[in-house]
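Notes to accompany the following structure.
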Amino acid sequence: MQHGKYRFIAGFLALPVILYAVFVISPFVQAIYYSFTDWTGLSSDFTMVGFKNYNWLLHDDLFWKAVGHNVVLLLVVPLVTLGLGLFFAFMLNVGGRGRKNAAVSGVRGSSLYKVIYFFPQVLSIAIVALLFQFTYNPRNGAINSFLDGVGLDSLQQQWLADPKLALWCLMAVMVWSNVGFYVVLFSAGMSSIPRDFYEAALLDGANRIKTFFKITLPLLWDTVQTGWIYMGIIALDAFAVVQIMTVGPGGPADSTQVMGYYVYTKTFHDGQAGRATTIGVAMLIVTLIFAVIVTRLGRRERLEY
Amino acid sequence: MGSTSDVGRRDLIKRSAALGLVTVPAMSALSACASGGDDDSKKVDKGKKSAKNPLAVNESAALDVVIFDGGFGQQYAKDAEAEYVAAFPKTKGKVKHAATQKIQTVLQPRFNGGTPPDLVDNSGAEQMDMGTLVGKNQLTDLTPLLDAPSLDDPNKTVRETLRPGVVEMGQFDGKPVWILYYAYTVYGVWYSKSNLAKLDVEYPETWDDMLKVCEKAKKKNIAGWTYPGKYPYYLPFSLYPFIAKIGGREVLDSIDNLEPNAWKHPAVKAAFEAYYELYKKGYILKGTPGLTHIESQTAWNQGKALFIPNGSWVENEAKKTTPKDFQMAVAAPSSLDKSDKLPFGTLWASGGEPFIVPKSAKNPEGGMELLRIMLGEKSTKNFIKQVSSLSSLNGGTDGLSLPPGLASAQEALTKAGKNVVNPRLQDWYVTLQKQQIGVGALGEMMAGRMTPAETIKKCQKFADDTAKDDAVKKYKHV
Amino acid sequence: MTSHAEPSELPGVTKEDEAPAAGPAAKQPPPGFTPEGRIGSEGKVLNVFSHGILVVWGLLVTLPLLWAVMSSLKTDKQIFTSPWGLPSALHFDNWTRAWSKSNIGDFFLNTILVVGCSLIGTMLLGSMAAYILARFEFPGKRFIYFMFVGGMSFPIILALVPLFFVMKNMSLLNTFHGLILVYIAYSLPFTVFFLTSFFKTLPSSVAEAALIDGASHTRTFFQVMLPMAKPGLISVGIFNFLGQWNQYMLPTVLNTDEDKRVLTQGLVQLAASQQYKGDWSALFAGLVLAMLPVLAVYILFQRQVQAGLTAGALK
């Protein structure tokens with residue numbers, strides 16, 4: 001029996017582990033190794049250069065700019081996405097008119113809203129990025145021509161061509177495409193919260209805003225935290241939106257340069273794969289710091305129900 | 001993801017981080033060096049050298065060609081490939097032709113993978129960095145091609161049939177010629193003769209007149225200038241020769257050589273300030289900083305702006321949107337004042353459409369032979385007719401009726417005579433020229449977000465950084 | 001979606017929402033009398049407010065998509081001159097041009113092939129590994145588990161360059177099977193993480209009973225455990241499907257063969273060609289062609305997709 005068990009374990013694990021080791025783990029490990037070389041990525045000869053790449057990185061203005069942008073993305077994108085997600089989900093589930101038999105109820109047509117909100121989630125980020133590239137076009141894009149049409153042409157902007165706005169334009173796209181998922185996710189969570197919780201709170205004289213913070217949020221906290229990590233990973237990446245949408249790419253005055261795209265240009269444009277992997281390692285470190293912060297901050301008593 | 005797992009997510013990440021540290025040494029044993037094994041690319045055998053086959057092309061080997069499918073399209077290359085097959089009938093069906101706009105995205109991985117094509121037209125917004133390719137020894141020396149007899153006249157070598165300057169542009173340091181520029185591009189200020197006529201003005205030969213024309217246009221709600229704001233490295237097409245005109249070609253040479261304070265030359269300042277004035281006076285088409293080249297060209301075609309810095313490919317590229325009576329023309333940059341070092345007419349002309357034969361190409365002789373065919377009279381004429389651009393073969397225009405833009409380009413070239421400049425920044429240091437000076441400095445200045453003084457400082461800093469960076473190979477004018 | 005339509009007239013409304021409209025009691029509540037009444041008045045204001053906000057976001061989501069559809073039916077000139085105007089005539093020829101000339105059709109087939117195979121492989125290998133990690137004790141278990149899970153937090157782009165050379169040395173570059181293997185490998189971390197916790201929630205008694213009845217471990221897994229894990233499999237399956245269908249970076253680097261492009265690559269390529277050819281309408285048509293099937297599938301199966309994704313997320 002015992003023997004059979006180990007054979008079974010080995011048999012089931014072998015394939016996934018090998019596949020994973022070859023295609024995921026080994027490249028990551030090699031990337032760390034290459035970050036200590038002057039490898040060009042174009043040929044197979046390279047020499048070890050110790051910490052030279054890291055030293056370069058510390059003094060590279062563009063890298064720090066990219067880090068700064070990633071930090072902004074990491075803070076703003078998850079916060080806005082999850083905030084809107086929670087807000088809309090709360091509206092959908094609790095914002096409805098009171099009914100005879102329920103103290104709180106969802107708005108009418110809530111599932112229709114959910115269907116629509118979810119649309120962007122099923123579209124490829126490449127499609128979304130292309131779509132918005134045209135939406136932002138300063139001359140005949142949807143936004144400026146809409147503003148023109150309703151007589152608000154003073155509000156017209158250069159959008160992606162304006163270094164002050166470019167990054168925010170990207171963030172808006174990332175939020176736009178992800179909010180729907182969290183609306184659906186959170187409202188599923190909310191609908192599983194027993195109604196009596198709300199009724200009890202309302203009887204105690206709490207208003208809806210209070211019930212949100214006293215009941216809804218704490219009960220959903222785990223889900224919110226998971227969402228934060230997912231959104232964080234999306235925000236850290238941002239490769240596709242930068243590569244497809246922005247001027248350069250990388251933005252006017254490097255205003256949308258992010259680490260992910262910098263890795264790409266260093267490898268596939270400048271032939272400096274060694275430096276590229278160094279940036280990648282830095283990115284890994286930022287990811288880990290972020291994850292640790294989120295989990296630390298998230299350490300809160302979990303309400304069981 | 002609920003609270004189901006007994007190991008909370010919170011611990012998870014921390015532990016996996018710790019684990020990562022353990023895995024590193026463990027796995028490095030596993031990970032045989034990925035970069036190992038540059039198998040000596042299996043080149044095809046050489047064919048028999050003969051008068052008809054001076055490059056000793058293998059007469060039955062496959063040929064792999066990738067063409068940049070941009071302003072010039074790809075048909076001219078396809079036609080040349082047909083000639084190739086006609087010359088070597090055994091290669092029928094073996095010529096693999098691909099065309100793309102994203103040269104770098106498509107090809108860089110093939111270079112990295114050691115399986116590049118035999119001939120590449122490395123052009124466009126996404127061209128691969130030439131300096132890097134040369135610096136990292138990725139290209140084949142094209143000297144055998146240049147010393148081979150030309151297709152039409154066996155007594156002349158290919159080298160002897162080319163326009164002046166073309167061979168030199170393919171050299172980076174020393175003798176080897178890495179690149180053969182197939183098109184011959186005239187850069188400058190492009191305009192529509194009919195649109196200027198409608199305003200009752202002529203092309204302004206001095207900057208004061210330029211401002212007057214723009215003012216006149218502004219009153220009619222027409223912008224003076226537009227440019228591809230998304231790719232502001234089009235601005236140098238008229239700005240660099242303007243600088244050379246003001247301060248002499250040494251200014252551009254010292255910029256190319258990344259010399260300290262090269263950008264601080266008064267000529268640079270004067271030229272920048274002149275262009276900045278276009279912005280300050282509101283002569284730039286609204287929304288320009290966000291436009292691609294096609295969008296800005298289209299606006300220009302529609303008569304919304306008078307002038308655009310561009311290269312001679314624009315005539316073919318904008319064919320679809322150009323009105324019939326547009327009368328496209330190109331002119332050299334206007335004179336700033338009487339103290340200009342070079343006369344009016346000084347312009348930038350140089351090779352375009354850089355063709356390269358990668359070092360690890362399987363059939364490099366085939367790639368060169370195709371180039372030899374393309375540089376023959378027949379293919380050149382075909383090219384000129386199809387795409388209204390000159391090729392680097394000196395001639396080929398006889399007996400052709402040239403479209404207006406091309407005719408004007410040729411005229412401008414004749415007028416320039418010796419005063420043709422050829423800045424090298426864009427092939428020596430692509431990143432510096434496009435991303436940094438183009439997008440980071442000039443684009444910002446023309447959008448009004450940086451003053452000329454700040455822009456000069458920025459350009460100088462970018463140049464200094466590149467000069468200091470030992471990962472970038474340096475080149476110098478000789 | 002532009003007007004404040006009466007929701008019950010619209011499709012996709014669940015039963016719960018079709019409950020009888022609030023009665024007179026809610027409309028004219030006896031003030032402060034019962035909890036229902038109190039909420040009723042507050043609810044009314046809130047109701048208008050929330051509908052307002054919800055509709056605004058609904059418009060923000062749908063308008064760009066509608067705009068793309070509209071643009072795809074216009075001529076290039078109309079796109080430039082009246083971006084918001086309705087198309088003067090429906091130019092479906094843009095669609096045929098995008099489909100035939102830009103090979104959108106081939107890209108579709110390639111994508112279906114790659115994602116189909118990857119998805120099956122991911123689910124199979126992922127559930128096998130997860131089952132072992134959830135249900136068995138053996139030395140090195142934690143190590144393997146964290147190895148998988150750790151992969152979730154690594155930026156893929158870091159591995160990209162070495163991965164490229166690993167693939168090259170195994171002659172997997174520009175092959176469908178190579179791309180499929182990579183997709184599977186990079187989908188494993190989340191799949192294993194998710195399914196491990198899912199298998200842990202399943203009662204162990206059923207599996208034990210099956211084992212006692214003499215079934216082998218393998219049979220127990222395929223005939224007892226997998227069916228029980230169906231809800232978990234569906235949600236992680238949908239998650240992986242969307243992720244793999246929308247993957248852009250991996251094929252961009254690992255799969256550059258012209259004939260083997262997947263949809264995302266094809267579209268970006270199409271956009272690049274538009275930059276030189278100025279064929280805007282075909283580009284919009286290509287975008288719409290790529291969007292429509294996914295949206296259609298989603299609308300048809302929206303309940304499954306939503307339930308699948310969220311059921312897993314909330315145990």
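Residues are named by chain letter and number: chains run A, B, ... in the order of the structure tokens, numbers start at 1 in each chain, and ligands are numbered from 1 in the order shown.
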
If we count only C-alpha atoms and set the cut-off at 8 Å, which residues sit around range 161-172 of chain A, ignoring sequence neighbours fewer than 5 positions away in its own chain? Please answer as a PyMOL selection string.
(chain A and resi 69+73+76-77+241-242+246-247+251-256) or (chain B and resi 229-230+289-290)

Report the closest atom pair, with its distance in Å rounded to one decimal, for each residue of chain C that has an atom no farther than 9 Å from chain B; count only C-alpha atoms, sort by chain and then rising residue number, and write it as a Markdown table.
```
| residue | atom | partner | partner_atom | distance |
| --- | --- | --- | --- | --- |
| C:Phe143 | CA | B:Leu19 | CA | 7.6 |
| C:Phe146 | CA | B:Ser16 | CA | 5.5 |
| C:Met147 | CA | B:Ser16 | CA | 7.0 |
| C:Phe148 | CA | B:Ser16 | CA | 9.0 |
| C:Val149 | CA | B:Ser16 | CA | 7.1 |
| C:Gly150 | CA | B:Ser16 | CA | 4.8 |
| C:Gly151 | CA | B:Ser16 | CA | 8.5 |
| C:Ser153 | CA | B:Ile13 | CA | 7.8 |
| C:Pro162 | CA | B:Ala34 | CA | 6.1 |
| C:Leu163 | CA | B:Ala34 | CA | 7.9 |
| C:Phe164 | CA | B:Gly113 | CA | 7.9 |
| C:Phe165 | CA | B:Ala34 | CA | 5.2 |
| C:Val166 | CA | B:Ala34 | CA | 5.4 |
| C:Met167 | CA | B:Ala34 | CA | 8.8 |
| C:Lys168 | CA | B:Gly113 | CA | 6.3 |
| C:Asn169 | CA | B:Ala34 | CA | 7.3 |
| C:Leu173 | CA | B:Gly113 | CA | 8.5 |
| C:Phe193 | CA | B:Met1 | CA | 8.5 |
| C:Phe194 | CA | B:Met1 | CA | 6.4 |
| C:Thr196 | CA | B:Ser5 | CA | 7.8 |
| C:Ser197 | CA | B:Ser5 | CA | 4.8 |
| C:Phe198 | CA | B:Thr4 | CA | 7.3 |
| C:Lys200 | CA | B:Ser5 | CA | 7.2 |
| C:Thr201 | CA | B:Thr4 | CA | 6.7 |
| C:Thr252 | CA | B:Thr105 | CA | 7.2 |
| C:Val253 | CA | B:Pro109 | CA | 6.4 |
| C:Leu254 | CA | B:Pro109 | CA | 7.6 |
| C:Asn255 | CA | B:Val106 | CA | 8.9 |
| C:Thr256 | CA | B:Val106 | CA | 5.5 |
| C:Asp257 | CA | B:Val106 | CA | 8.0 |
| C:Glu258 | CA | B:Ala98 | CA | 7.8 |
| C:Gln269 | CA | B:Lys102 | CA | 7.2 |
| C:Ala272 | CA | B:Gln101 | CA | 6.1 |
| C:Ser273 | CA | B:Gln101 | CA | 5.9 |
| C:Gln274 | CA | B:Ile294 | CA | 8.6 |
| C:Gln275 | CA | B:Ile294 | CA | 6.0 |
| C:Tyr276 | CA | B:Gly70 | CA | 5.5 |
| C:Lys277 | CA | B:Glu317 | CA | 7.0 |
| C:Gly278 | CA | B:Ile294 | CA | 6.4 |
| C:Gly312 | CA | B:Met1 | CA | 6.8 |
| C:Ala313 | CA | B:Met1 | CA | 5.0 |
| C:Leu314 | CA | B:Gly2 | CA | 4.9 |
| C:Lys315 | CA | B:Gly2 | CA | 5.2 |
```

Closest-contact table, chain A side, partner chain B, 9 Å, counting only C-alpha atoms, as JSON lines:
```
{"residue": "A:Ala21", "atom": "CA", "partner": "B:Met27", "partner_atom": "CA", "distance": 8.5}
{"residue": "A:Val22", "atom": "CA", "partner": "B:Ser31", "partner_atom": "CA", "distance": 7.9}
{"residue": "A:Ile25", "atom": "CA", "partner": "B:Met27", "partner_atom": "CA", "distance": 7.6}
{"residue": "A:Ser26", "atom": "CA", "partner": "B:Ser31", "partner_atom": "CA", "distance": 5.3}
{"residue": "A:Pro27", "atom": "CA", "partner": "B:Ser31", "partner_atom": "CA", "distance": 7.8}
{"residue": "A:Phe28", "atom": "CA", "partner": "B:Val24", "partner_atom": "CA", "distance": 8.8}
{"residue": "A:Val29", "atom": "CA", "partner": "B:Val24", "partner_atom": "CA", "distance": 5.9}
{"residue": "A:Gln30", "atom": "CA", "partner": "B:Ser31", "partner_atom": "CA", "distance": 6.9}
{"residue": "A:Ile32", "atom": "CA", "partner": "B:Val24", "partner_atom": "CA", "distance": 8.5}
{"residue": "A:Tyr33", "atom": "CA", "partner": "B:Ser28", "partner_atom": "CA", "distance": 8.4}
{"residue": "A:Asp38", "atom": "CA", "partner": "B:Ala471", "partner_atom": "CA", "distance": 8.4}
{"residue": "A:Thr40", "atom": "CA", "partner": "B:Lys136", "partner_atom": "CA", "distance": 7.7}
{"residue": "A:Gly41", "atom": "CA", "partner": "B:Asn112", "partner_atom": "CA", "distance": 6.1}
{"residue": "A:Leu42", "atom": "CA", "partner": "B:Asn112", "partner_atom": "CA", "distance": 4.6}
{"residue": "A:Ser43", "atom": "CA", "partner": "B:Asn112", "partner_atom": "CA", "distance": 6.8}
{"residue": "A:Ser44", "atom": "CA", "partner": "B:Ser35", "partner_atom": "CA", "distance": 5.1}
{"residue": "A:Asp45", "atom": "CA", "partner": "B:Ser35", "partner_atom": "CA", "distance": 8.0}
{"residue": "A:Tyr136", "atom": "CA", "partner": "B:Gly290", "partner_atom": "CA", "distance": 8.8}
{"residue": "A:Asn137", "atom": "CA", "partner": "B:Gly290", "partner_atom": "CA", "distance": 6.6}
{"residue": "A:Pro138", "atom": "CA", "partner": "B:Gly287", "partner_atom": "CA", "distance": 5.3}
{"residue": "A:Arg139", "atom": "CA", "partner": "B:Gly287", "partner_atom": "CA", "distance": 5.8}
{"residue": "A:Gln157", "atom": "CA", "partner": "B:Gly287", "partner_atom": "CA", "distance": 8.1}
{"residue": "A:Gln158", "atom": "CA", "partner": "B:Gly290", "partner_atom": "CA", "distance": 6.1}
{"residue": "A:Trp159", "atom": "CA", "partner": "B:Gly290", "partner_atom": "CA", "distance": 7.7}
{"residue": "A:Leu160", "atom": "CA", "partner": "B:Gly290", "partner_atom": "CA", "distance": 6.8}
{"residue": "A:Ala161", "atom": "CA", "partner": "B:Gly290", "partner_atom": "CA", "distance": 4.7}
{"residue": "A:Asp162", "atom": "CA", "partner": "B:Pro289", "partner_atom": "CA", "distance": 7.9}
{"residue": "A:Pro163", "atom": "CA", "partner": "B:Glu444", "partner_atom": "CA", "distance": 8.8}
{"residue": "A:Asp222", "atom": "CA", "partner": "B:Gly2", "partner_atom": "CA", "distance": 6.8}
{"residue": "A:Thr223", "atom": "CA", "partner": "B:Gly2", "partner_atom": "CA", "distance": 6.8}
{"residue": "A:Thr226", "atom": "CA", "partner": "B:Met1", "partner_atom": "CA", "distance": 7.3}
{"residue": "A:Thr246", "atom": "CA", "partner": "B:Lys230", "partner_atom": "CA", "distance": 8.3}
{"residue": "A:Val247", "atom": "CA", "partner": "B:Lys230", "partner_atom": "CA", "distance": 5.0}
{"residue": "A:Gly248", "atom": "CA", "partner": "B:Gln435", "partner_atom": "CA", "distance": 6.2}
{"residue": "A:Pro249", "atom": "CA", "partner": "B:Gln435", "partner_atom": "CA", "distance": 8.2}
{"residue": "A:Gly250", "atom": "CA", "partner": "B:Gln435", "partner_atom": "CA", "distance": 8.3}
{"residue": "A:Gly251", "atom": "CA", "partner": "B:Val439", "partner_atom": "CA", "distance": 8.0}
{"residue": "A:Pro252", "atom": "CA", "partner": "B:Val439", "partner_atom": "CA", "distance": 5.8}
{"residue": "A:Ala253", "atom": "CA", "partner": "B:Gly440", "partner_atom": "CA", "distance": 4.2}
{"residue": "A:Asp254", "atom": "CA", "partner": "B:Gly440", "partner_atom": "CA", "distance": 6.7}
{"residue": "A:Phe268", "atom": "CA", "partner": "B:Gln108", "partner_atom": "CA", "distance": 6.1}
{"residue": "A:His269", "atom": "CA", "partner": "B:Asp129", "partner_atom": "CA", "distance": 6.4}
{"residue": "A:Asp270", "atom": "CA", "partner": "B:Thr132", "partner_atom": "CA", "distance": 6.5}
{"residue": "A:Gly271", "atom": "CA", "partner": "B:Thr132", "partner_atom": "CA", "distance": 6.5}
{"residue": "A:Gln272", "atom": "CA", "partner": "B:Ala471", "partner_atom": "CA", "distance": 7.5}
{"residue": "A:Leu288", "atom": "CA", "partner": "B:Ala17", "partner_atom": "CA", "distance": 7.0}
{"residue": "A:Ala291", "atom": "CA", "partner": "B:Ile13", "partner_atom": "CA", "distance": 6.6}
{"residue": "A:Val292", "atom": "CA", "partner": "B:Lys14", "partner_atom": "CA", "distance": 6.6}
{"residue": "A:Val294", "atom": "CA", "partner": "B:Arg10", "partner_atom": "CA", "distance": 8.3}
{"residue": "A:Thr295", "atom": "CA", "partner": "B:Arg10", "partner_atom": "CA", "distance": 4.9}
{"residue": "A:Arg296", "atom": "CA", "partner": "B:Arg10", "partner_atom": "CA", "distance": 7.3}
{"residue": "A:Gly298", "atom": "CA", "partner": "B:Arg10", "partner_atom": "CA", "distance": 8.1}
{"residue": "A:Arg299", "atom": "CA", "partner": "B:Arg10", "partner_atom": "CA", "distance": 7.8}
```

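For the pair CA of Ala82 in chain B and CA of Asn174 in chain C, the interatomic distance is 27.4 Å.
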
Near Tyr234 in chain B, counting only C-alpha atoms, which residues have an atom at most 8 Å away, once you skip same-chain residues fewer than 4 positions from it, shown as a PyMOL selection string?
chain B and resi 227-228+309-310+438

Using only C-alpha atoms, please write the residues we just selected to a file, as a CSV table (one decimal), in the first residue's frame.
```csv
chain,number,residue,atom,x,y,z
B,227,TYR,CA,4.8,66.8,-37.3
B,228,PRO,CA,4.4,63.2,-36.0
B,309,PRO,CA,9.3,67.7,-41.7
B,310,ASN,CA,9.5,64.4,-43.6
B,438,GLY,CA,13.5,62.8,-30.2
```

With only C-alpha atoms as the atoms that count, which of C:Leu125, C:Leu119, C:Ile212, C:Ala130 lies nearest to chain A?
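Closest residue, counting only C-alpha atoms: C:Leu125.
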
Cut-off 10 Å: closest range 31-114 of chain A/range 180-185 of chain A atom pairs per residue, using only C-alpha atoms, as JSON lines:
```
{"residue": "A:Thr81", "atom": "CA", "partner": "A:Tyr182", "partner_atom": "CA", "distance": 7.8}
{"residue": "A:Leu82", "atom": "CA", "partner": "A:Tyr182", "partner_atom": "CA", "distance": 6.6}
{"residue": "A:Gly83", "atom": "CA", "partner": "A:Tyr182", "partner_atom": "CA", "distance": 9.3}
{"residue": "A:Leu84", "atom": "CA", "partner": "A:Val183", "partner_atom": "CA", "distance": 7.9}
{"residue": "A:Gly85", "atom": "CA", "partner": "A:Val183", "partner_atom": "CA", "distance": 4.4}
{"residue": "A:Leu86", "atom": "CA", "partner": "A:Val183", "partner_atom": "CA", "distance": 6.4}
{"residue": "A:Phe87", "atom": "CA", "partner": "A:Val183", "partner_atom": "CA", "distance": 8.1}
{"residue": "A:Phe88", "atom": "CA", "partner": "A:Val183", "partner_atom": "CA", "distance": 6.2}
{"residue": "A:Ala89", "atom": "CA", "partner": "A:Val183", "partner_atom": "CA", "distance": 4.9}
{"residue": "A:Phe90", "atom": "CA", "partner": "A:Val183", "partner_atom": "CA", "distance": 8.6}
{"residue": "A:Met91", "atom": "CA", "partner": "A:Val183", "partner_atom": "CA", "distance": 9.9}
{"residue": "A:Leu92", "atom": "CA", "partner": "A:Val183", "partner_atom": "CA", "distance": 8.8}
{"residue": "A:Ser111", "atom": "CA", "partner": "A:Val184", "partner_atom": "CA", "distance": 9.1}
{"residue": "A:Tyr113", "atom": "CA", "partner": "A:Gly180", "partner_atom": "CA", "distance": 9.3}
{"residue": "A:Lys114", "atom": "CA", "partner": "A:Val184", "partner_atom": "CA", "distance": 6.2}
```

Which neighbours of Met48 in chain A fall inside 9 Å, counting only C-alpha atoms, when residues of the same chain fewer than 6 positions from it are skipped, and could you give them as a list in words?
Tyr34, Phe36, Thr37, Asp38 and Trp39 of chain A

Skipping near chain neighbours, those fewer than 4 positions away, what residues fall within 12 Å of range 195-206 of chain B using only C-alpha atoms, listed as a ChimeraX atom specification?
/B:189-191,210-224,242,245-246,274,300-307,323,325-338,340,343-346

Taking the chain letters and numbering used in this document, name the residues of range 239-346 of chain B that DSSP puts in strand (DSSP E), as a PyMOL selection string.
chain B and resi 305-310+328-331

Considering only C-alpha atoms, can you say which of A:Tyr54, A:Trp176, A:Trp64, A:Tyr198 comes closest to chain C?
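When distances to chain C are compared using only C-alpha atoms, the smallest one comes from A:Trp176.
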
Alpha helix (DSSP H) per DSSP on the backbone: members of range 210-300 of chain C, as a PyMOL selection string:
chain C and resi 210-212+217-219+226-228+230-245+249-254+263-277+280-300

Emit the selected residues as an mmCIF file, in the first residue's frame, including C-alpha atoms.
```
data_model
loop_
_atom_site.group_PDB
_atom_site.id
_atom_site.type_symbol
_atom_site.label_atom_id
_atom_site.label_comp_id
_atom_site.auth_asym_id
_atom_site.auth_seq_id
_atom_site.Cartn_x
_atom_site.Cartn_y
_atom_site.Cartn_z
ATOM 1 C CA ALA C 210 -13.614 4.135 -2.726
ATOM 2 C CA LEU C 211 -10.123 3.047 -1.729
ATOM 3 C CA ILE C 212 -11.496 0.517 0.696
ATOM 4 C CA HIS C 217 -5.502 5.744 -6.292
ATOM 5 C CA THR C 218 -5.606 6.692 -9.939
ATOM 6 C CA ARG C 219 -9.150 5.489 -10.362
ATOM 7 C CA LEU C 226 -12.455 14.989 -10.119
ATOM 8 C CA PRO C 227 -16.245 14.921 -10.413
ATOM 9 C CA MET C 228 -16.497 16.206 -6.866
ATOM 10 C CA LYS C 230 -16.106 20.147 -10.674
ATOM 11 C CA PRO C 231 -17.042 23.611 -9.382
ATOM 12 C CA GLY C 232 -13.425 24.341 -8.570
ATOM 13 C CA LEU C 233 -12.264 23.002 -11.906
ATOM 14 C CA ILE C 234 -14.738 25.151 -13.766
ATOM 15 C CA SER C 235 -13.730 28.349 -12.087
ATOM 16 C CA VAL C 236 -10.025 27.816 -12.435
ATOM 17 C CA GLY C 237 -10.643 26.628 -15.980
ATOM 18 C CA ILE C 238 -12.385 29.854 -16.912
ATOM 19 C CA PHE C 239 -9.668 31.831 -15.231
ATOM 20 C CA ASN C 240 -7.010 30.027 -17.220
ATOM 21 C CA PHE C 241 -8.961 30.269 -20.424
ATOM 22 C CA LEU C 242 -9.182 34.035 -20.201
ATOM 23 C CA GLY C 243 -5.557 34.318 -19.215
ATOM 24 C CA GLN C 244 -4.322 32.137 -22.047
ATOM 25 C CA TRP C 245 -6.660 33.555 -24.646
ATOM 26 C CA MET C 249 3.813 38.807 -24.152
ATOM 27 C CA LEU C 250 4.730 35.122 -24.376
ATOM 28 C CA PRO C 251 3.694 34.580 -27.996
ATOM 29 C CA THR C 252 5.223 37.912 -28.971
ATOM 30 C CA VAL C 253 8.633 36.655 -28.002
ATOM 31 C CA LEU C 254 8.399 32.892 -28.420
ATOM 32 C CA LEU C 263 -5.005 36.602 -32.232
ATOM 33 C CA THR C 264 -3.471 39.199 -29.932
ATOM 34 C CA GLN C 265 -0.266 39.293 -31.960
ATOM 35 C CA GLY C 266 -2.210 39.456 -35.175
ATOM 36 C CA LEU C 267 -4.169 42.463 -34.009
ATOM 37 C CA VAL C 268 -1.168 44.398 -32.838
ATOM 38 C CA GLN C 269 0.447 43.626 -36.157
ATOM 39 C CA LEU C 270 -2.658 44.847 -37.911
ATOM 40 C CA ALA C 271 -2.515 48.043 -35.898
ATOM 41 C CA ALA C 272 1.095 48.535 -36.897
ATOM 42 C CA SER C 273 0.270 48.062 -40.545
ATOM 43 C CA GLN C 274 -2.500 50.609 -40.206
ATOM 44 C CA GLN C 275 0.164 53.074 -39.123
ATOM 45 C CA TYR C 276 1.706 52.812 -42.541
ATOM 46 C CA LYS C 277 -1.242 52.045 -44.729
ATOM 47 C CA TRP C 280 -8.258 52.549 -40.073
ATOM 48 C CA SER C 281 -11.596 51.023 -40.865
ATOM 49 C CA ALA C 282 -10.075 47.588 -41.359
ATOM 50 C CA LEU C 283 -8.271 47.905 -38.073
ATOM 51 C CA PHE C 284 -11.466 48.737 -36.208
ATOM 52 C CA ALA C 285 -13.145 45.891 -38.050
ATOM 53 C CA GLY C 286 -10.373 43.559 -36.936
ATOM 54 C CA LEU C 287 -10.787 44.697 -33.359
ATOM 55 C CA VAL C 288 -14.513 44.129 -33.494
ATOM 56 C CA LEU C 289 -14.092 40.746 -35.139
ATOM 57 C CA ALA C 290 -11.769 39.740 -32.354
ATOM 58 C CA MET C 291 -14.088 41.080 -29.680
ATOM 59 C CA LEU C 292 -17.421 39.781 -30.852
ATOM 60 C CA PRO C 293 -16.961 36.018 -30.470
ATOM 61 C CA VAL C 294 -15.588 36.393 -26.978
ATOM 62 C CA LEU C 295 -18.397 38.716 -25.992
ATOM 63 C CA ALA C 296 -20.959 36.402 -27.565
ATOM 64 C CA VAL C 297 -19.640 33.379 -25.709
ATOM 65 C CA TYR C 298 -19.590 35.404 -22.542
ATOM 66 C CA ILE C 299 -23.155 36.630 -22.927
ATOM 67 C CA LEU C 300 -24.364 33.119 -23.636
#
```

Would you list the contacts of range 148-165 of chain B as a ChimeraX atom specification, taking every protein, DNA or RNA residue within 6 Å and counting only C-alpha atoms, but skipping same-chain residues closer than 2 positions in sequence?
/B:145-146,167-168,376,392-394

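From CA of Pro358 in chain B back to CA of Asp118 in chain B, the distance works out to 6.4 Å.
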
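Of the residues under consideration (A:Met245, A:Ile193, A:Ala273, A:Leu220), A:Met245 shows the shortest atom-to-atom contact distance to Val173 in chain A when counting only C-alpha atoms.
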
If we count only C-alpha atoms, what is near range 81-93 of chain C at a cut-off of 10 Å, once residues fewer than 5 positions away on the same chain are taken out, given as a PyMOL selection string?
(chain A and resi 135+139-146+149) or (chain C and resi 67+70-76+98-99+281-282+285)
